[in-house]
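Engineer: File start14.tsv below, TSV, C-alpha atoms:
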chain	number	residue	atom	x	y	z
A	1272	MET	CA	-10.33	-48.92	11.87
A	1273	ASN	CA	-6.58	-49.35	12.19
A	1274	ARG	CA	-5.90	-52.85	13.51
A	1275	SER	CA	-3.11	-51.55	15.74
A	1276	THR	CA	-5.53	-49.46	17.79
A	1277	PRO	CA	-5.78	-51.19	21.18
A	1278	PRO	CA	-9.15	-51.99	22.73
A	1279	VAL	CA	-10.12	-49.76	25.63
A	1280	THR	CA	-12.88	-49.81	28.20
A	1281	VAL	CA	-15.47	-47.21	27.25
A	1282	ARG	CA	-18.36	-45.93	29.33
A	1283	THR	CA	-20.86	-43.11	29.27
A	1284	ALA	CA	-19.75	-40.19	31.41
A	1285	THR	CA	-21.79	-38.88	34.33
A	1286	SER	CA	-21.73	-35.62	36.27
A	1287	ALA	CA	-19.24	-37.24	38.65
A	1288	ASP	CA	-16.71	-37.29	35.79
A	1289	VAL	CA	-16.83	-33.58	34.98
A	1290	ASP	CA	-13.75	-32.59	36.99
A	1291	ALA	CA	-11.70	-35.36	35.38
A	1292	ILE	CA	-12.99	-34.49	31.90
A	1293	VAL	CA	-12.08	-30.84	32.41
A	1294	ALA	CA	-8.58	-31.81	33.58
A	1295	THR	CA	-8.16	-33.99	30.49
A	1296	LEU	CA	-9.35	-31.25	28.12
A	1297	THR	CA	-7.22	-28.60	29.81
A	1298	THR	CA	-3.96	-30.53	29.60
A	1299	ALA	CA	-4.68	-31.84	26.11
A	1300	PHE	CA	-5.37	-28.43	24.58
A	1301	PHE	CA	-2.94	-26.25	26.56
A	1302	ASP	CA	-0.40	-26.22	23.71
A	1303	ASP	CA	-2.84	-27.06	20.91
A	1304	PRO	CA	-2.09	-25.02	17.75
A	1305	LEU	CA	-5.64	-23.61	17.73
A	1306	TRP	CA	-6.85	-23.52	21.32
A	1307	GLY	CA	-3.52	-22.70	22.97
A	1308	PRO	CA	-3.02	-19.30	21.28
A	1309	ALA	CA	-6.74	-18.58	21.68
A	1310	PHE	CA	-5.86	-17.97	25.33
A	1311	PRO	CA	-2.70	-15.86	24.82
A	1312	ASP	CA	-1.87	-15.29	28.49
A	1313	ARG	CA	0.00	-18.51	29.31
A	1314	GLU	CA	-0.05	-17.71	33.02
A	1315	ARG	CA	-3.84	-17.62	33.00
A	1316	ARG	CA	-4.47	-20.03	30.13
A	1317	ALA	CA	-5.20	-23.14	32.19
A	1318	ALA	CA	-7.68	-21.35	34.45
A	1319	GLN	CA	-9.44	-19.54	31.61
A	1320	ALA	CA	-9.56	-22.53	29.27
A	1321	SER	CA	-10.70	-24.93	31.97
A	1322	ALA	CA	-13.66	-22.68	32.74
A	1323	MET	CA	-14.72	-22.82	29.08
A	1324	TRP	CA	-14.14	-26.56	28.84
A	1325	ARG	CA	-16.22	-27.05	31.99
A	1326	LEU	CA	-19.14	-25.24	30.38
A	1327	PHE	CA	-18.92	-27.38	27.24
A	1328	ALA	CA	-18.41	-30.62	29.16
A	1329	THR	CA	-21.30	-29.97	31.53
A	1330	SER	CA	-23.61	-28.94	28.71
A	1331	ALA	CA	-22.74	-32.01	26.63
A	1332	LEU	CA	-24.00	-34.22	29.44
A	1333	ARG	CA	-27.52	-33.24	28.30
A	1334	TYR	CA	-26.99	-36.08	25.84
A	1335	PRO	CA	-25.83	-39.63	26.62
A	1336	TRP	CA	-22.92	-39.24	24.21
A	1337	THR	CA	-20.04	-38.01	26.33
A	1338	LEU	CA	-17.89	-41.12	26.34
A	1339	VAL	CA	-14.75	-41.73	28.37
A	1340	THR	CA	-12.20	-44.43	29.03
A	1341	ALA	CA	-12.32	-46.21	32.37
A	1342	ASN	CA	-10.44	-43.58	34.37
A	1343	VAL	CA	-11.03	-40.66	31.99
A	1344	GLU	CA	-7.60	-40.93	30.45
A	1345	SER	CA	-9.43	-39.86	27.29
A	1346	ALA	CA	-12.76	-38.15	26.79
A	1347	ALA	CA	-14.95	-37.62	23.73
A	1348	LEU	CA	-17.82	-35.13	23.67
A	1349	TRP	CA	-20.21	-36.17	20.92
A	1350	ILE	CA	-23.24	-34.09	19.97
A	1351	PRO	CA	-25.98	-36.30	18.47
A	1352	PRO	CA	-27.93	-35.43	15.31
A	1353	GLY	CA	-30.00	-32.31	15.87
A	1354	GLY	CA	-28.13	-31.39	19.05
A	1355	THR	CA	-25.99	-28.37	19.90
A	1356	ASP	CA	-22.80	-27.82	21.88
A	1357	LEU	CA	-24.58	-25.48	24.28
A	1358	SER	CA	-28.19	-25.13	25.32
A	1359	PRO	CA	-30.14	-22.15	23.92
A	1360	GLU	CA	-29.80	-20.40	27.29
A	1361	GLU	CA	-26.04	-21.03	27.38
A	1362	GLN	CA	-25.64	-19.80	23.82
A	1363	GLU	CA	-27.52	-16.61	24.66
A	1364	THR	CA	-25.23	-15.80	27.60
A	1365	PHE	CA	-22.00	-17.20	26.14
A	1366	GLU	CA	-20.38	-13.85	25.37
A	1367	GLU	CA	-21.13	-12.66	28.89
A	1368	PHE	CA	-19.69	-15.92	30.22
A	1369	LEU	CA	-16.45	-15.41	28.29
A	1370	LEU	CA	-16.12	-11.86	29.56
A	1371	GLY	CA	-16.42	-13.24	33.07
A	1372	ILE	CA	-13.39	-15.50	32.63
A	1373	THR	CA	-11.13	-13.45	30.34
A	1374	ASP	CA	-10.63	-10.05	28.72
A	1375	ARG	CA	-12.51	-8.48	25.80
A	1376	ALA	CA	-9.86	-9.23	23.17
A	1377	THR	CA	-9.57	-12.88	24.13
A	1378	ALA	CA	-13.35	-13.26	24.30
A	1379	ASP	CA	-13.73	-11.70	20.84
A	1380	GLY	CA	-11.06	-14.03	19.47
A	1381	LEU	CA	-12.85	-17.08	20.85
A	1382	LEU	CA	-16.18	-15.91	19.47
A	1383	ASP	CA	-14.59	-15.40	16.04
A	1384	ILE	CA	-13.09	-18.91	16.02
A	1385	LEU	CA	-16.34	-20.55	17.07
A	1386	ALA	CA	-18.35	-18.55	14.53
A	1387	ILE	CA	-16.02	-19.62	11.70
A	1388	LEU	CA	-16.24	-23.27	12.74
A	1389	GLU	CA	-20.01	-23.07	13.07
A	1390	ALA	CA	-20.31	-21.59	9.57
A	1391	ALA	CA	-18.29	-24.51	8.18
A	1392	HIS	CA	-20.46	-27.13	9.88
A	1393	PRO	CA	-22.29	-29.28	7.29
A	1394	ARG	CA	-26.07	-29.26	7.38
A	1395	THR	CA	-26.95	-31.56	4.51
A	1396	GLU	CA	-27.24	-34.84	6.44
A	1397	PRO	CA	-27.92	-35.76	10.08
A	1398	HIS	CA	-24.71	-36.75	11.84
A	1399	PHE	CA	-22.88	-37.11	15.12
A	1400	PHE	CA	-20.48	-34.24	15.80
A	1401	LEU	CA	-17.25	-34.91	17.68
A	1402	SER	CA	-17.08	-31.61	19.52
A	1403	LEU	CA	-13.97	-32.48	21.53
A	1404	LEU	CA	-11.65	-35.49	21.75
A	1405	ALA	CA	-8.78	-35.34	24.22
A	1406	THR	CA	-6.28	-37.47	26.08
A	1407	HIS	CA	-4.84	-36.28	29.37
A	1408	GLY	CA	-1.22	-35.18	29.12
A	1409	ASP	CA	-0.16	-37.90	31.56
A	1410	HIS	CA	-1.55	-40.64	29.31
A	1411	ARG	CA	-0.54	-39.63	25.79
A	1412	GLY	CA	1.05	-42.19	23.52
A	1413	HIS	CA	-0.75	-45.24	24.93
A	1414	GLY	CA	-3.56	-45.46	22.38
A	1415	TYR	CA	-6.36	-44.23	24.63
A	1416	GLY	CA	-7.62	-41.54	22.27
A	1417	MET	CA	-7.78	-43.62	19.12
A	1418	GLY	CA	-9.05	-46.61	21.08
A	1419	LEU	CA	-11.85	-44.47	22.47
A	1420	LEU	CA	-12.62	-43.14	19.00
A	1421	ALA	CA	-12.78	-46.66	17.57
A	1422	GLU	CA	-15.32	-47.76	20.18
A	1423	ASN	CA	-17.33	-44.58	19.71
A	1424	LEU	CA	-17.49	-45.05	15.95
A	1425	ALA	CA	-18.58	-48.66	16.37
A	1426	ARG	CA	-21.60	-47.39	18.34
A	1427	ILE	CA	-22.34	-44.78	15.71
A	1428	ASP	CA	-21.98	-47.36	12.93
A	1429	ALA	CA	-24.50	-49.56	14.72
A	1430	LEU	CA	-26.98	-46.70	14.33
A	1431	GLY	CA	-26.14	-46.24	10.65
A	1432	ALA	CA	-25.15	-42.61	11.22
A	1433	ALA	CA	-22.50	-40.31	9.76
A	1434	ALA	CA	-19.89	-38.48	11.84
A	1435	TYR	CA	-18.18	-35.10	11.57
A	1436	LEU	CA	-15.24	-33.44	13.31
A	1437	GLU	CA	-12.94	-30.43	13.13
A	1438	SER	CA	-9.27	-31.33	13.27
A	1439	CYS	CA	-7.47	-28.36	14.79
A	1440	ASN	CA	-4.09	-30.12	14.81
A	1441	PRO	CA	-2.83	-31.35	11.41
A	1442	ALA	CA	-0.79	-34.02	13.21
A	1443	ASN	CA	-4.08	-35.83	13.86
A	1444	ASN	CA	-5.46	-35.77	10.33
A	1445	GLU	CA	-3.88	-39.03	9.25
A	1446	ARG	CA	-5.20	-40.77	12.36
A	1447	TYR	CA	-8.70	-39.60	11.57
A	1448	GLU	CA	-8.33	-40.71	7.97
A	1449	ARG	CA	-7.40	-44.18	9.15
A	1450	ALA	CA	-10.63	-44.15	11.16
A	1451	GLY	CA	-12.62	-43.52	7.98
A	1452	PHE	CA	-12.87	-39.72	7.92
A	1453	ARG	CA	-12.09	-37.69	4.80
A	1454	GLU	CA	-11.30	-34.01	4.59
A	1455	LEU	CA	-14.27	-31.88	3.62
A	1456	ASP	CA	-12.74	-28.43	3.71
A	1457	ARG	CA	-10.05	-26.26	5.26
A	1458	VAL	CA	-11.02	-23.13	7.15
A	1459	THR	CA	-8.66	-20.42	8.32
A	1460	VAL	CA	-9.15	-18.64	11.64
A	1461	PRO	CA	-7.98	-15.04	12.23
A	1462	SER	CA	-4.61	-16.19	13.60
A	1463	GLY	CA	-3.90	-17.81	10.22
A	1464	HIS	CA	-4.18	-21.34	11.63
A	1465	VAL	CA	-5.92	-23.82	9.33
A	1466	VAL	CA	-8.54	-26.25	10.63
A	1467	SER	CA	-9.55	-29.30	8.59
A	1468	THR	CA	-13.21	-30.26	8.66
A	1469	MET	CA	-13.65	-34.01	8.24
A	1470	TRP	CA	-16.59	-36.28	7.40
A	1471	ARG	CA	-17.17	-39.99	7.88
A	1472	PRO	CA	-20.09	-41.41	5.88
A	1473	ALA	CA	-22.66	-43.64	7.53
A	1474	ARG	CA	-21.76	-47.33	7.55
A	1475	ARG	CA	-25.04	-49.06	6.79
Since I need it in another form, could you write the structure as structure tokens?

Structural biologist:
Amino acid sequence: MNRSTPPVTVRTATSADVDAIVATLTTAFFDDPLWGPAFPDRERRAAQASAMWRLFATSALRYPWTLVTANVESAALWIPPGGTDLSPEEQETFEEFLLGITDRATADGLLDILAILEAAHPRTEPHFFLSLLATHGDHRGHGYGMGLLAENLARIDALGAAAYLESCNPANNERYERAGFRELDRVTVPSGHVVSTMWRPARR
């Protein structure tokens, strides 16, 4: 891990943190090159996206691997080996859920993106999946995100496990590489945006 990454206080999130996690995800991804355009109506983007992030954040709490900094300046939703972003019931009703928060075209676009990312997901070795990593817009540039990632990876290393993520913003790729990830593949979503899939081998 990059020695310049500052130490941060990390704790396991609880249901009491959901509102703060959703706020962090919503501000972090509002202008993201993948998730921003996925909600094309800027006037409604925050409301629509926050509803989706709330579903993912709440569902991830099924596992003890949603990790946050002390005041949720940054949040990381990790899915452990064998786990899924959403429960089977949530997956079954996900399209209906999207149609309840947005229009048909936007829902179809989101489903297409998620299907492409799911198809790229490696299945050859058990691993932790970094579903979402975000720093609140009010706290960017202070090292919270990479500090949180460093502490998370130390816990995963202690278990001798591999890690996987999807980098939707190329500006972050070098940071992930410094944390030990390497690019596996590049996948293109219907908008033409390219997402890098990245793998970090187990540290035994």

Engineer: In terms of the shortest atom-to-atom distance over all atoms listed in the file, which of A:Ser1358, A:Ser1321, A:Thr1459, A:Thr1329 is closest to Ala1390 in chain A?

Structural biologist: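 Counting all atoms listed in the file, the residue closest to Ala1390 in chain A is A:Thr1459.
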
Engineer: Residues of range 1312-1351 of chain A that have any atom at most 10 Å from an atom of range 1409-1427 of chain A: could you tabulate them with the shortest-distance atom pair and the distance in Å to one decimal, using all atoms listed in the file, ordered by chain and increasing number, as JSON lines?

Structural biologist:
{"residue": "A:Trp1336", "atom": "CA", "partner": "A:Asn1423", "partner_atom": "CA", "distance": 8.9}
{"residue": "A:Thr1337", "atom": "CA", "partner": "A:Asn1423", "partner_atom": "CA", "distance": 9.7}
{"residue": "A:Leu1338", "atom": "CA", "partner": "A:Asn1423", "partner_atom": "CA", "distance": 7.5}
{"residue": "A:Val1339", "atom": "CA", "partner": "A:Leu1419", "partner_atom": "CA", "distance": 7.1}
{"residue": "A:Thr1340", "atom": "CA", "partner": "A:Leu1419", "partner_atom": "CA", "distance": 6.6}
{"residue": "A:Ala1341", "atom": "CA", "partner": "A:Tyr1415", "partner_atom": "CA", "distance": 10.0}
{"residue": "A:Val1343", "atom": "CA", "partner": "A:Tyr1415", "partner_atom": "CA", "distance": 9.4}
{"residue": "A:Glu1344", "atom": "CA", "partner": "A:His1410", "partner_atom": "CA", "distance": 6.2}
{"residue": "A:Ser1345", "atom": "CA", "partner": "A:Gly1416", "partner_atom": "CA", "distance": 5.6}
{"residue": "A:Ala1346", "atom": "CA", "partner": "A:Gly1416", "partner_atom": "CA", "distance": 7.6}
{"residue": "A:Ala1347", "atom": "CA", "partner": "A:Leu1419", "partner_atom": "CA", "distance": 7.6}
{"residue": "A:Trp1349", "atom": "CA", "partner": "A:Asn1423", "partner_atom": "CA", "distance": 9.0}
{"residue": "A:Pro1351", "atom": "CA", "partner": "A:Ile1427", "partner_atom": "CA", "distance": 9.6}

Engineer: Find the residues near Gly1353 in chain A: any atom within 9 Å, counting only C-alpha atoms, skip ones fewer than 5 places away on the same chain, and give them as a list in words.

Structural biologist: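 The neighbour list is Pro1397, His1398 and Phe1399 of chain A.
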
Engineer: Kindly export the residues of the current selection with C-alpha atoms, as a JSON list (two decimals), in the coordinates of the input.

Structural biologist:
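Result went into part-v3.json, see below:
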[["chain", "number", "residue", "atom", "x", "y", "z"],
["A", 1397, "PRO", "CA", -27.92, -35.76, 10.08],
["A", 1398, "HIS", "CA", -24.71, -36.75, 11.84],
["A", 1399, "PHE", "CA", -22.88, -37.11, 15.12]]

Engineer: I'd like to know which of A:Leu1388, A:Ala1328, A:Leu1455, A:Val1466 is closest to Ala1294 in chain A, using all atoms listed in the file.

Structural biologist: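 Residue with the minimum atom-to-atom distance to Ala1294 in chain A: A:Ala1328.
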
Engineer: Near Ala1450 in chain A, counting only C-alpha atoms, which residues have an atom at most 10 Å away, once you skip same-chain residues fewer than 2 positions from it, shown as a list of chain:residue names?

Structural biologist: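 Final neighbour list, sorted by chain and number: A:Met1272, A:Asn1273, A:Thr1276, A:Met1417, A:Leu1420, A:Ala1421, A:Leu1424, A:Asn1444, A:Glu1445, A:Arg1446, A:Tyr1447, A:Glu1448, A:Phe1452, A:Arg1453, A:Arg1471.
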
Engineer: Separation of CA of Arg1474 in chain A and CA of Leu1357 in chain A, in Å?

Structural biologist: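 Computing the Euclidean distance for CA of Arg1474 in chain A and CA of Leu1357 in chain A yields 27.7 Å.
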
Engineer: Would you mind listing what lies within 6 Å of range 1296-1302 of chain A as JSON, numbers by chain, with all atoms listed in the file counted and same-chain residues fewer than 2 positions away left out?

Structural biologist: {"A": [1293, 1294, 1307, 1321, 1405, 1406, 1407, 1408]}

Engineer: Between A:Pro1335, A:Ala1322, A:Ala1442, A:Asp1312, single out the one closest to Arg1282 in chain A, counting all atoms listed in the file.

Structural biologist: A:Pro1335

Engineer: Between A:His1464, A:Ile1372, A:Asp1356, A:Leu1326, which one has atoms that come closest to Phe1400 in chain A, using all atoms listed in the file?

Structural biologist: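 Of A:His1464, A:Ile1372, A:Asp1356, A:Leu1326, the one nearest Phe1400 in chain A, counting all atoms listed in the file, is A:Asp1356.
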
Engineer: Determine, counting all atoms listed in the file, which protein, DNA and RNA residues have an atom within 8 Å of an atom of Leu1401 in chain A; residues of the same chain fewer than 5 positions away are not included. Present the result as number ranges by chain.

Structural biologist: A: 1347-1350, 1434-1437

Engineer: Kindly export the residues of the current selection with C-alpha atoms, as an mmCIF file, in the coordinates of the input.

Structural biologist:
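Final output, part.cif:
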data_model
loop_
_atom_site.group_PDB
_atom_site.id
_atom_site.type_symbol
_atom_site.label_atom_id
_atom_site.label_comp_id
_atom_site.auth_asym_id
_atom_site.auth_seq_id
_atom_site.Cartn_x
_atom_site.Cartn_y
_atom_site.Cartn_z
ATOM 1 C CA ALA A 1347 -14.950 -37.620 23.730
ATOM 2 C CA LEU A 1348 -17.820 -35.130 23.670
ATOM 3 C CA TRP A 1349 -20.210 -36.170 20.920
ATOM 4 C CA ILE A 1350 -23.240 -34.090 19.970
ATOM 5 C CA ALA A 1434 -19.890 -38.480 11.840
ATOM 6 C CA TYR A 1435 -18.180 -35.100 11.570
ATOM 7 C CA LEU A 1436 -15.240 -33.440 13.310
ATOM 8 C CA GLU A 1437 -12.940 -30.430 13.130
#

Engineer: Quick one: distance from CA of Pro1393 in chain A to CA of Pro1352 in chain A in Å, one decimal?

Structural biologist: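 Taking CA of Pro1393 in chain A as the start and CA of Pro1352 in chain A as the end point, the length is 11.6 Å.
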
Engineer: Hey, which of A:Leu1385, A:Asn1342, A:Thr1373, A:Thr1395 ends up closest to Ala1318 in chain A? Count all atoms listed in the file.

Structural biologist: A:Thr1373

Engineer: Would you mind reading off the distance between CA of Ala1432 in chain A and CA of Glu1396 in chain A, one decimal, in Å?

Structural biologist: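 Taking CA of Ala1432 in chain A as the start and CA of Glu1396 in chain A as the end point, the length is 9.4 Å.
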
Engineer: Counting only C-alpha atoms, find the residues whose atoms lie at most 12 Å from (-14.8, -19.6, 11.7) (file coordinates) and write them out as a PyMOL selection string.

Structural biologist: chain A and resi 1305+1380-1392+1437+1439+1457-1468

Engineer: For Ala1433 in chain A, which residue out of A:Trp1470, A:Glu1360, A:Arg1449, A:Asp1456 is the nearest one, using all atoms listed in the file?

Structural biologist: A:Trp1470
